[in-house]
Amino acid sequence: MDDLEQELHRSDSSDDESPTREKEPKLPLVKSIFVETSKENGLHKSTKICSEKIREAMLHHRWQEAAEYMACYMQILQDPSKDKVPRIREYVWRIATEILHHHPNSKMEDYNTIYEQMKNFGVRNYLMISLEHSFYLLLNGQIEDAKRQLSVAESWRYGKESAAQYNTAKLIQAYRGLLDYILWCNRKHSDTDNSDASSIQDISSYFRQASVNLKQILKQPGIWDTFILSYVDMLEFYEDHEEALKVLKDYAYDNTFPPNPNAHVYLYQYLKRHDTPEKKLINVLKGLQVLVPSHELMLEYSSLLLLSGQSADLQSALDVILGMLDFRCWSCSLDVWKCLQSIIQKLQCQNDWKETVSLKMASRADWWPALHFTSFHAQKDFEENPELMEVKMLLVTILSPDKMLNYTKVCSREHKRRRRT
């Protein structure tokens, strides 16, 4: 809202400034509307008043009043000052849709009228207005109309294609594929009991249309989670597991894409659904652990490493679970502490287990006790989660053997006090 107000003020006052003389100090907006300059005409004066009234009405949530003034303000689009017309079109579009969004009596026809009017008033924002229009139609259940908007926008061209226009066109293509996927899902579920040839052909047609557009996404580096999942869902439905796996691997491991933890999660979940050997699951989670050591799947990663029985994997499991407990969000998780307890118990079967634990805890010695083993933690665990307290009491002397920690003292005191009562 503040940006729109600044833009309104800046555009309304831009004609008052002469390039041949020094800029005068700007007067407050409430007074500047009465200052007439040599370049100001009736259009400028009336729209300037309207802009102030619209701002005031919006700030006080008087949406009917704002809509009435907006109807008058639309004449600013006829302003012959070409230098500021694109800027005006954009904030007229933004303000008009904001008013409609809050107006209690707004209708879909009103939105459609504004969107179409703004698209016809220039080309700079044509693609983005079309995309936003399709979102509005989609939210109101008009999927076919939303797809039609995107289809028109996808084939729209104006002048020499810029980089921004190219990227927006690709985004529109991706969303059109997503709408085809939604239509495919709807048709697939509605035709569950109908296996006639025409129905199957319709479903296949939606699949082909969606897959052509969604497949193109992997050629554009970016974060495309929703689109990738939609494409993989269709491939999995038609049992094209080889292509689905290729798509997920490319999305996770292609270096041209930005690092994305979700890509590794999707690959792991797909492999797990199809009973992939544990070794491959471990490799996927290893990549995820590098990106997000506090991810909830790290508990599962530790469990898989623990099951392997190999010494190296056991030490890796200790690394992973300690890495989770480095973050406060897991400090009260009984499952995580129990997993750490299981790892320590298995390590104790090795002769050098103390050296292994000491090495892992060396860099944590100064701050781990304050994170997990203070008297405050002891009191809280005793009152809220006694089972967690028992586990931590068994681990505290192993993880911090050289420190006399208040955690154990407080827990022991509370135990004695409870027995007396």
# chains A, B, ... in the order shown; residues from 1 in each chain; ligands from 1

$ residues_around --residues "Gln345 (chain A)" --least-positions-apart "4" --cutoff "12 Å" --atoms "only C-alpha atoms" --output "MDAnalysis selection string"
chainID A and resid 306 314 318 338:341 349:350 353:354 357 394:395 398

$ residues_around --residues "region 200-208 of chain A" --least-positions-apart "6" --cutoff "7 Å" --atoms "only C-alpha atoms" --output "JSON, numbers by chain"
{"A": [180, 181, 183, 184, 187, 188]}

$ write_last_selection --atoms "N, CA, C and O atoms" --output "mmCIF file, in the first residue's frame"
data_model
loop_
_atom_site.group_PDB
_atom_site.id
_atom_site.type_symbol
_atom_site.label_atom_id
_atom_site.label_comp_id
_atom_site.auth_asym_id
_atom_site.auth_seq_id
_atom_site.Cartn_x
_atom_site.Cartn_y
_atom_site.Cartn_z
ATOM 1 N N ASP A 180 -3.707 -28.393 -17.027
ATOM 2 C CA ASP A 180 -4.006 -29.655 -17.731
ATOM 3 C C ASP A 180 -3.888 -30.840 -16.784
ATOM 4 O O ASP A 180 -4.668 -31.801 -16.866
ATOM 5 N N TYR A 181 -2.915 -30.768 -15.874
ATOM 6 C CA TYR A 181 -2.765 -31.845 -14.878
ATOM 7 C C TYR A 181 -3.988 -31.882 -13.954
ATOM 8 O O TYR A 181 -4.493 -32.965 -13.625
ATOM 9 N N LEU A 183 -7.022 -30.893 -14.660
ATOM 10 C CA LEU A 183 -8.125 -31.449 -15.446
ATOM 11 C C LEU A 183 -7.970 -32.959 -15.618
ATOM 12 O O LEU A 183 -8.957 -33.703 -15.588
ATOM 13 N N TRP A 184 -6.730 -33.409 -15.783
ATOM 14 C CA TRP A 184 -6.461 -34.848 -15.884
ATOM 15 C C TRP A 184 -6.857 -35.558 -14.595
ATOM 16 O O TRP A 184 -7.485 -36.625 -14.624
ATOM 17 N N ARG A 187 -10.714 -35.630 -14.313
ATOM 18 C CA ARG A 187 -11.307 -36.594 -15.238
ATOM 19 C C ARG A 187 -10.975 -38.030 -14.819
ATOM 20 O O ARG A 187 -11.822 -38.928 -14.911
ATOM 21 N N LYS A 188 -9.767 -38.235 -14.320
ATOM 22 C CA LYS A 188 -9.360 -39.579 -13.902
ATOM 23 C C LYS A 188 -10.221 -40.069 -12.747
ATOM 24 O O LYS A 188 -10.687 -41.215 -12.739
#

$ atom_distance --atom1 "CA of Ile172 (chain A)" --atom2 "CA of His103 (chain A)"
28.4 Å

$ select_by_dssp --residues "region 32-259 of chain A" --states "alpha helix (DSSP H)" --output "JSON, numbers by chain"
{"A": [32, 42, 43, 44, 45, 46, 47, 48, 49, 50, 51, 52, 53, 54, 55, 56, 57, 58, 59, 63, 64, 65, 66, 67, 68, 69, 70, 71, 72, 73, 85, 86, 87, 88, 89, 90, 91, 92, 93, 94, 95, 96, 97, 98, 99, 100, 101, 102, 108, 109, 110, 111, 112, 113, 114, 115, 116, 117, 118, 119, 120, 126, 127, 128, 129, 130, 131, 132, 133, 134, 135, 136, 137, 138, 139, 143, 144, 145, 146, 147, 148, 149, 150, 151, 152, 153, 154, 163, 164, 165, 166, 167, 168, 169, 170, 171, 172, 173, 174, 175, 176, 177, 178, 179, 180, 181, 182, 183, 184, 185, 186, 187, 188, 189, 190, 197, 198, 199, 200, 201, 202, 203, 204, 205, 206, 207, 208, 209, 210, 211, 212, 213, 214, 215, 225, 226, 227, 228, 229, 230, 231, 232, 233, 234, 235, 236, 237, 241, 242, 243, 244, 245, 246, 247, 248, 249, 250, 251, 252, 253]}

$ residues_around --residues "region 219-228 of chain A" --least-positions-apart "4" --cutoff "10 Å" --atoms "only C-alpha atoms" --output "VMD selection string"
chain A and resid 167 170 to 171 174 to 175 177 to 178 181 210 to 211 213 to 215 232 to 233 244 247 to 248 251 254 to 260 262 to 263 266

$ closest_residue --among "A:Phe327, A:Tyr69, A:Trp63, A:Phe121" --to "Trp93 (chain A)" --atoms "only C-alpha atoms"
A:Phe121

$ residues_around --residues "Ala317 (chain A)" --least-positions-apart "6" --cutoff "8 Å" --atoms "only C-alpha atoms" --output "ChimeraX atom specification"
/A:301-303,305-306,343

$ closest_residue --among "A:Thr356, A:Asn125, A:Ser151, A:Ser130" --to "Ala312 (chain A)" --atoms "only C-alpha atoms"
A:Thr356

$ residues_around --residues "Cys411 (chain A)" --least-positions-apart "5" --cutoff "9 Å" --atoms "only C-alpha atoms" --output "PDB file with C-alpha atoms, in the first residue's frame"
ATOM      1  CA  SER A 375      19.031 -26.790  35.550  1.00  0.00           C
ATOM      2  CA  ALA A 378      16.190 -30.533  34.050  1.00  0.00           C
ATOM      3  CA  GLN A 379      13.195 -28.912  35.733  1.00  0.00           C
ATOM      4  CA  ASP A 381      11.991 -32.297  31.452  1.00  0.00           C
ATOM      5  CA  PHE A 382      11.097 -33.556  34.921  1.00  0.00           C
ATOM      6  CA  MET A 389      14.694 -36.874  31.390  1.00  0.00           C
ATOM      7  CA  GLU A 390      15.646 -40.504  32.055  1.00  0.00           C
ATOM      8  CA  MET A 393      20.418 -38.532  32.451  1.00  0.00           C
ATOM      9  CA  ASN A 406      23.432 -29.117  37.126  1.00  0.00           C
ATOM     10  CA  LYS A 416      14.199 -37.573  46.008  1.00  0.00           C
TER      11      LYS A 416
END

$ closest_residue --among "A:Met108, A:Ala67, A:Val284, A:Val410" --to "Ile95 (chain A)" --atoms "only C-alpha atoms"
A:Ala67

$ atom_distance --atom1 "CA of Glu56 (chain A)" --atom2 "CA of Glu116 (chain A)"
26.8 Å
